[in-house]
$ cat my_file_21.cif   # mmCIF, C-alpha atoms
data_final
#
loop_
_atom_site.label_atom_id
_atom_site.label_comp_id
_atom_site.auth_asym_id
_atom_site.auth_seq_id
_atom_site.Cartn_x
_atom_site.Cartn_y
_atom_site.Cartn_z
CA ILE A 1 2.14 -85.84 40.26
CA ILE A 2 4.71 -88.44 41.40
CA LEU A 3 3.83 -90.62 44.36
CA ILE A 4 6.85 -92.12 46.15
CA THR A 5 5.93 -95.28 48.02
CA ASN A 6 9.36 -96.79 48.74
CA TRP A 7 12.01 -94.35 49.93
CA SER A 8 14.63 -97.09 50.33
CA ASN A 9 14.58 -97.79 46.59
CA ILE A 10 14.89 -94.10 45.79
CA THR A 11 17.95 -93.80 48.04
CA SER A 12 19.54 -96.79 46.36
CA MET A 13 18.90 -95.32 42.91
CA SER A 14 20.46 -91.99 43.96
CA VAL A 15 23.64 -93.69 45.10
CA LEU A 16 23.92 -95.60 41.84
CA ALA A 17 23.41 -92.40 39.82
CA SER A 18 26.08 -90.61 41.83
CA ASP A 19 28.54 -93.48 41.38
CA ASP A 20 27.84 -93.53 37.65
CA ILE A 21 28.65 -89.82 37.32
CA ASN A 22 31.90 -90.22 39.22
CA ALA A 23 32.89 -93.22 37.09
CA LYS A 24 32.67 -91.08 33.93
CA ASN A 25 35.55 -88.95 35.27
CA ASP A 26 37.96 -91.88 35.00
CA VAL A 27 39.36 -92.04 31.47
CA SER A 28 41.46 -94.81 29.97
CA ASP A 29 40.63 -94.62 26.24
CA VAL A 30 40.81 -92.08 23.43
CA VAL A 31 37.10 -91.94 22.62
CA THR A 32 36.05 -91.11 26.17
CA LEU A 33 38.85 -88.57 26.49
CA MET A 34 37.77 -86.75 23.33
CA GLU A 35 34.14 -86.72 24.45
CA MET A 36 34.94 -85.33 27.88
CA LEU A 37 37.29 -82.64 26.57
CA ASN A 38 34.64 -81.58 24.07
CA ASN A 39 31.84 -81.54 26.66
CA GLY A 40 33.87 -80.28 29.63
CA GLY A 41 34.27 -81.51 33.17
CA ASN A 42 36.89 -83.14 35.39
CA ILE A 43 39.02 -85.87 33.83
CA VAL A 44 41.26 -88.34 35.67
CA LEU A 45 43.60 -90.40 33.48
CA CYS A 46 43.69 -94.09 34.38
CA ASP A 47 46.07 -95.25 31.65
CA ASP A 48 48.61 -93.93 29.14
CA ILE A 49 46.90 -92.53 26.03
CA THR A 50 48.31 -91.62 22.60
CA THR A 51 46.09 -89.77 20.14
CA GLY A 52 45.86 -87.20 17.38
CA GLU A 53 44.89 -83.56 17.85
CA LEU A 54 42.55 -82.85 20.77
CA THR A 55 40.00 -80.04 21.08
CA VAL A 56 38.85 -78.58 24.39
CA GLY A 57 35.26 -77.55 23.62
CA GLU A 58 34.19 -76.56 27.14
CA ASP A 59 35.96 -75.74 30.41
CA ALA A 60 37.86 -78.86 31.41
CA THR A 61 40.39 -80.05 33.98
CA ILE A 62 42.64 -83.05 33.47
CA ASP A 63 44.47 -84.88 36.25
CA LEU A 64 47.34 -86.84 34.70
CA ASN A 65 47.26 -89.05 37.79
CA GLY A 66 50.78 -90.32 37.12
CA TYR A 67 50.01 -91.35 33.51
CA LYS A 68 51.21 -90.06 30.14
CA LEU A 69 49.04 -88.32 27.53
CA THR A 70 50.63 -87.88 24.09
CA ALA A 71 48.76 -85.85 21.45
CA GLU A 72 49.37 -84.19 18.08
CA GLY A 73 48.53 -80.81 19.52
CA ILE A 74 45.72 -79.41 21.68
CA VAL A 75 43.36 -76.60 20.63
CA ILE A 76 41.46 -74.77 23.38
CA SER A 77 38.26 -73.28 21.99
CA GLU A 78 37.57 -69.55 22.22
CA GLY A 79 36.55 -68.41 25.68
CA LYS A 80 37.27 -71.77 27.32
CA THR A 81 39.69 -72.73 30.11
CA PHE A 82 41.80 -75.88 30.20
CA THR A 83 43.52 -76.81 33.47
CA ILE A 84 46.31 -79.39 33.76
CA ARG A 85 47.42 -81.00 37.00
CA ASP A 86 48.99 -84.22 38.24
CA SER A 87 47.78 -85.42 41.63
CA LYS A 88 50.78 -87.77 41.83
CA TYR A 89 53.27 -84.92 41.30
CA THR A 90 55.41 -83.43 44.05
CA ASP A 91 58.54 -81.31 43.83
CA GLU A 92 60.49 -84.09 45.52
CA GLU A 93 58.96 -86.90 43.43
CA PRO A 94 57.62 -85.59 40.10
CA GLY A 95 56.47 -89.08 39.10
CA ASN A 96 55.71 -90.38 35.61
CA GLY A 97 52.72 -88.20 34.73
CA LYS A 98 53.35 -86.16 31.58
CA LEU A 99 51.43 -84.32 28.86
CA ILE A 100 53.33 -84.32 25.56
CA THR A 101 52.10 -82.47 22.47
CA LYS A 102 53.77 -82.25 19.06
CA ALA A 103 51.66 -80.06 16.80
CA ALA A 104 50.40 -80.72 13.30
CA GLU A 105 51.34 -78.45 10.37
CA TYR A 106 51.71 -74.75 11.24
CA LYS A 107 50.04 -75.15 14.62
CA ALA A 108 50.98 -74.51 18.23
CA GLY A 109 51.69 -77.40 20.58
CA ILE A 110 48.85 -76.08 22.76
CA GLN A 111 46.84 -73.33 21.04
CA THR A 112 45.45 -70.75 23.47
CA THR A 113 44.11 -68.06 21.12
CA ASP A 114 41.28 -66.21 22.94
CA ALA A 115 41.35 -68.96 25.57
CA THR A 116 43.04 -69.78 28.90
CA LEU A 117 45.50 -72.51 29.85
CA ILE A 118 46.29 -73.14 33.53
CA ILE A 119 49.12 -75.49 34.53
CA GLU A 120 49.03 -76.31 38.24
CA SER A 121 51.42 -79.27 38.44
CA GLY A 122 52.84 -82.16 36.45
CA ALA A 123 55.17 -82.26 33.46
CA VAL A 124 54.08 -80.58 30.22
CA GLU A 125 56.09 -80.68 26.98
CA ALA A 126 54.53 -78.66 24.15
CA THR A 127 56.22 -78.36 20.74
CA GLY A 128 54.91 -76.24 17.89
CA ASP A 129 55.30 -76.97 14.20
CA ASP A 130 56.82 -74.44 11.78
CA TYR A 131 55.47 -70.96 12.67
CA GLY A 132 53.58 -72.35 15.66
CA ALA A 133 54.40 -71.52 19.29
CA GLY A 134 55.00 -74.23 21.85
CA ILE A 135 52.17 -72.74 23.92
CA GLY A 136 50.19 -69.87 22.37
CA GLY A 137 49.44 -69.00 18.76
CA SER A 138 49.54 -70.94 15.51
CA ARG A 139 50.11 -69.52 12.02
CA GLY A 140 47.26 -67.53 10.47
CA ASP A 141 44.18 -66.10 12.14
CA ASN A 142 44.98 -67.91 15.40
CA ASN A 143 48.52 -66.60 15.75
CA CYS A 144 47.96 -64.48 18.88
CA ALA A 145 48.30 -66.17 22.25
CA GLY A 146 45.58 -66.05 24.86
CA LYS A 147 46.13 -66.35 28.61
CA LEU A 148 48.65 -68.71 30.21
CA ILE A 149 48.91 -69.22 33.97
CA ILE A 150 51.67 -71.49 35.32
CA LYS A 151 51.44 -72.21 39.05
CA GLY A 152 53.85 -75.14 39.25
CA GLY A 153 55.15 -78.26 37.56
CA ASP A 154 57.80 -78.71 34.89
CA VAL A 155 56.91 -76.94 31.66
CA THR A 156 58.91 -77.14 28.43
CA ALA A 157 57.58 -75.08 25.52
CA THR A 158 59.39 -75.14 22.18
CA GLY A 159 58.29 -72.91 19.32
CA GLY A 160 58.70 -73.66 15.65
CA ARG A 161 60.46 -71.56 13.04
CA SER A 162 60.09 -67.81 13.75
CA ALA A 163 57.54 -68.44 16.53
CA ALA A 164 57.84 -68.02 20.30
CA GLY A 165 58.27 -70.83 22.79
CA ILE A 166 55.47 -69.22 24.81
CA GLY A 167 53.47 -66.55 23.00
CA GLY A 168 52.76 -65.69 19.39
CA GLY A 169 52.87 -67.73 16.23
CA ALA A 170 54.54 -66.48 13.05
CA ASP A 171 53.08 -65.57 9.66
CA PHE A 172 55.11 -64.28 6.70
CA ARG A 173 52.31 -64.24 4.16
CA THR A 174 51.74 -60.86 2.51
CA GLU A 175 50.59 -58.15 4.93
CA LYS A 176 50.33 -60.60 7.85
CA ARG A 177 51.60 -59.83 11.34
CA GLY A 178 53.19 -62.12 13.85
CA GLY A 179 51.03 -63.02 16.84
CA LYS A 180 51.31 -61.15 20.14
CA VAL A 181 52.43 -62.67 23.42
CA GLY A 182 49.05 -62.61 25.14
CA VAL A 183 48.96 -62.58 28.96
CA VAL A 184 51.51 -64.80 30.68
CA THR A 185 51.70 -65.25 34.46
CA ILE A 186 54.25 -67.59 36.06
CA SER A 187 54.01 -68.08 39.82
CA GLY A 188 56.05 -71.23 40.33
CA GLY A 189 57.52 -74.36 38.83
CA THR A 190 60.30 -74.83 36.32
CA VAL A 191 59.78 -73.35 32.87
CA ILE A 192 62.00 -73.82 29.83
CA ALA A 193 60.79 -71.74 26.87
CA THR A 194 62.71 -71.82 23.60
CA GLY A 195 61.45 -70.23 20.42
CA GLY A 196 62.50 -69.86 16.83
CA ILE A 197 62.59 -66.10 17.45
CA VAL A 198 62.23 -65.65 21.22
CA GLY A 199 61.50 -67.77 24.28
CA ILE A 200 58.57 -65.72 25.59
CA GLY A 201 57.05 -63.02 23.39
CA GLY A 202 55.48 -62.37 20.02
CA GLY A 203 56.00 -64.25 16.79
CA ASP A 204 57.64 -62.89 13.65
CA GLY A 205 55.82 -62.00 10.45
CA TYR A 206 55.59 -59.99 7.25
CA TRP A 207 54.97 -57.12 9.68
CA PRO A 208 56.12 -57.12 13.33
CA CYS A 209 53.90 -58.83 15.87
CA ASP A 210 50.74 -57.20 17.19
CA PHE A 211 51.22 -54.75 20.07
CA GLY A 212 50.08 -55.43 23.60
CA GLY A 213 50.17 -58.22 26.12
CA SER A 214 52.03 -58.75 29.36
CA VAL A 215 54.47 -61.13 31.02
CA THR A 216 54.48 -61.40 34.82
CA ILE A 217 56.89 -63.66 36.70
CA ASN A 218 56.28 -63.94 40.46
CA ASP A 219 58.28 -67.06 41.27
CA GLY A 220 59.82 -70.16 39.75
CA MET A 221 62.88 -71.05 37.70
CA ILE A 222 62.60 -69.78 34.14
CA THR A 223 65.10 -70.49 31.36
CA THR A 224 64.54 -68.92 27.96
CA ASN A 225 66.30 -67.57 24.88
CA GLY A 226 64.82 -64.13 25.42
CA ILE A 227 61.69 -62.33 26.65
CA VAL A 228 60.28 -59.56 24.46
CA VAL A 229 57.09 -57.52 24.98
CA ILE A 230 55.97 -54.85 22.48
CA ALA A 231 53.74 -52.05 23.81
CA GLY A 232 52.96 -54.05 26.92
CA LYS A 233 54.46 -54.72 30.35
CA LEU A 234 57.09 -57.09 31.68
CA LYS A 235 57.16 -57.61 35.44
CA VAL A 236 59.59 -59.90 37.27
CA ASN A 237 58.57 -59.80 40.93
CA GLY A 238 60.46 -62.87 42.08
CA GLY A 239 62.03 -66.16 41.08
CA THR A 240 65.09 -66.83 38.96
CA VAL A 241 65.20 -65.96 35.26
CA GLU A 242 68.02 -67.12 33.00
CA THR A 243 67.67 -65.51 29.59
CA LEU A 244 69.55 -63.94 26.70
CA GLY A 245 67.73 -60.66 27.15
CA LEU A 246 64.72 -58.84 28.55
CA SER A 247 63.24 -56.31 26.15
CA CYS A 248 60.19 -54.08 26.16
CA ILE A 249 59.81 -51.70 23.25
CA ASN A 250 57.27 -49.18 21.91
CA ALA A 251 56.15 -47.58 25.19
CA SER A 252 56.48 -50.79 27.16
CA THR A 253 57.74 -50.94 30.75
CA ILE A 254 59.96 -53.31 32.73
CA LEU A 255 59.69 -53.87 36.47
CA LEU A 256 62.39 -55.96 38.17
CA LYS A 257 62.45 -56.58 41.91
CA ASN A 258 63.14 -59.41 44.40
CA CYS A 259 64.43 -61.61 41.59
CA THR A 260 67.61 -63.08 40.15
CA VAL A 261 68.37 -62.56 36.46
CA LEU A 262 71.15 -64.70 35.02
CA GLY A 263 72.86 -64.87 31.64
CA ASN A 264 74.57 -62.52 29.21
CA ASN A 265 71.71 -60.07 29.20
CA SER A 266 70.92 -56.94 27.28
CA PHE A 267 68.11 -54.88 28.80
CA ALA A 268 65.89 -52.51 26.88
CA GLY A 269 62.80 -50.63 27.95
CA THR A 270 61.41 -48.02 30.32
CA TYR A 271 61.79 -48.98 33.96
CA ASP A 272 58.79 -48.72 36.25
CA GLU A 273 58.76 -48.84 40.05
CA ASP A 274 54.99 -49.48 40.40
#

$ encode --input "my_file_21.cif" --output "structure tokens"
Amino acid sequence: IILITNWSNITSMSVLASDDINAKNDVSDVVTLMEMLNNGGNIVLCDDITTGELTVGEDATIDLNGYKLTAEGIVISEGKTFTIRDSKYTDEEPGNGKLITKAAEYKAGIQTTDATLIIESGAVEATGDDYGAGIGGSRGDNNCAGKLIIKGGDVTATGGRSAAGIGGGADFRTEKRGGKVGVVTISGGTVIATGGIVGIGGGDGYWPCDFGGSVTINDGMITTNGIVVIAGKLKVNGGTVETLGLSCINASTILLKNCTVLGNNSFAGTYDED
């Protein structure tokens, strides 16, 4: 049994506890950043940070807050969601906030295998190493991309040798397949996706990439050196897409409406009016 004799002290303690919790959201050093990404929660950058590879161990949201985060790759753990935004970003004044990743050996810039990445605003530059996608899969068992949702911002994803800019990693070891594209949804922003094999799609491998996955573009400005979906679905419902080609093969379907497609394109696939 707890007997409270001074309510004014309890109120004061509650305010201090609340302030302490809020203070932990403000991050200006590497150690705190790594702890919060591993444990999950809302993170607000308060300074520029440069670090090695980062792991998102629980659901986490990072607000760049006009600052720059530079890392040697980011790995989102299985089943977890990582959200990126920049509260200082506007279309008219993008500001200085930026997330830059350059992956370590054979890895994706941001690895999303069996996980979800959401980009709401801000500038994101993700570069994969050899056989690693810019955003998506790495080489090996983690070569398939998970789920990517882009709602806005300026996103540049560059894949390494034989990998996609956004999508699957590559693997040429004996009997290995390239990684599949995963589930990609773009609803706004500016996206530049350039891969060693394709801008958005699966990675290359000893065998062709795994079947399945989907790419849906509802709005935005997308520039890429090709979009390829194998045994999946490609829908372009709006926005402007400049690409070298849109291809869906092996019982895949393409839906194009209310959009502008630019470039010297070659189209392949079964067209669907759903």

$ atom_distance --input "my_file_21.cif" --atom1 "atom CA of A:Ile222" --atom2 "atom CA of A:Asn96"
21.8 Å

$ closest_residue --input "my_file_21.cif" --among "A:Lys151, A:Arg85, A:Arg173, A:Lys102" --to "A:Glu72" --atoms "only C-alpha atoms"
A:Lys102

$ closest_residue --input "my_file_21.cif" --among "A:Asp114, A:Glu93, A:Glu53, A:Glu58" --to "A:Ala145" --atoms "only C-alpha atoms"
A:Asp114

$ resolve_selection --input "my_file_21.cif" --expression "the PyMOL selection byres ((chain A and resi 39) around 9)" --output "PDB file with C-alpha atoms, keeping the file's coordinate frame"
ATOM      1  CA  MET A  34      37.770 -86.750  23.330  1.00  0.00           C
ATOM      2  CA  GLU A  35      34.140 -86.720  24.450  1.00  0.00           C
ATOM      3  CA  MET A  36      34.940 -85.330  27.880  1.00  0.00           C
ATOM      4  CA  LEU A  37      37.290 -82.640  26.570  1.00  0.00           C
ATOM      5  CA  ASN A  38      34.640 -81.580  24.070  1.00  0.00           C
ATOM      6  CA  GLY A  40      33.870 -80.280  29.630  1.00  0.00           C
ATOM      7  CA  GLY A  41      34.270 -81.510  33.170  1.00  0.00           C
ATOM      8  CA  VAL A  56      38.850 -78.580  24.390  1.00  0.00           C
ATOM      9  CA  GLY A  57      35.260 -77.550  23.620  1.00  0.00           C
ATOM     10  CA  GLU A  58      34.190 -76.560  27.140  1.00  0.00           C
ATOM     11  CA  ASP A  59      35.960 -75.740  30.410  1.00  0.00           C
ATOM     12  CA  ALA A  60      37.860 -78.860  31.410  1.00  0.00           C
TER      13      ALA A  60
END

$ closest_residue --input "my_file_21.cif" --among "A:Leu45, A:Lys147, A:Val27, A:Leu69" --to "A:Thr81" --atoms "only C-alpha atoms"
A:Lys147

$ resolve_selection --input "my_file_21.cif" --expression "the PyMOL selection byres ((chain A and resi 62) around 6)" --output "mmCIF file with C-alpha atoms, in the coordinates of the input"
data_model
loop_
_atom_site.group_PDB
_atom_site.id
_atom_site.type_symbol
_atom_site.label_atom_id
_atom_site.label_comp_id
_atom_site.auth_asym_id
_atom_site.auth_seq_id
_atom_site.Cartn_x
_atom_site.Cartn_y
_atom_site.Cartn_z
ATOM 1 C CA ILE A 43 39.020 -85.870 33.830
ATOM 2 C CA VAL A 44 41.260 -88.340 35.670
ATOM 3 C CA THR A 61 40.390 -80.050 33.980
ATOM 4 C CA ASP A 63 44.470 -84.880 36.250
ATOM 5 C CA ILE A 84 46.310 -79.390 33.760
#

$ resolve_selection --input "my_file_21.cif" --expression "the PyMOL selection byres ((chain A and resi 125) around 6)" --output "CSV table (one decimal) with C-alpha atoms, in the frame of the given file"
chain,number,residue,atom,x,y,z
A,100,ILE,CA,53.3,-84.3,25.6
A,124,VAL,CA,54.1,-80.6,30.2
A,126,ALA,CA,54.5,-78.7,24.2
A,156,THR,CA,58.9,-77.1,28.4
A,157,ALA,CA,57.6,-75.1,25.5

$ atom_distance --input "my_file_21.cif" --atom1 "atom CA of A:Gly202" --atom2 "atom CA of A:Asn258"
25.7 Å

$ closest_residue --input "my_file_21.cif" --among "A:Gly122, A:Gly168, A:Gly73, A:Gly79" --to "A:Cys144" --atoms "only C-alpha atoms"
A:Gly168

$ closest_residue --input "my_file_21.cif" --among "A:Ser87, A:Ser121, A:Thr113, A:Ser187" --to "A:Ile149" --atoms "only C-alpha atoms"
A:Ser187

$ atom_distance --input "my_file_21.cif" --atom1 "atom CA of A:Val198" --atom2 "atom CA of A:Gly134"
11.2 Å

$ residues_around --input "my_file_21.cif" --residues "A:Asp48" --least-positions-apart "2" --cutoff "7 Å" --atoms "only C-alpha atoms" --output "number ranges by chain"
A: 50, 67-69

$ residues_near_point --input "my_file_21.cif" --point "(47.8, -89.4, 38.6)" --cutoff "6 Å" --atoms "all atoms listed in the file" --output "PyMOL selection string"
chain A and resi 64-67+86-88
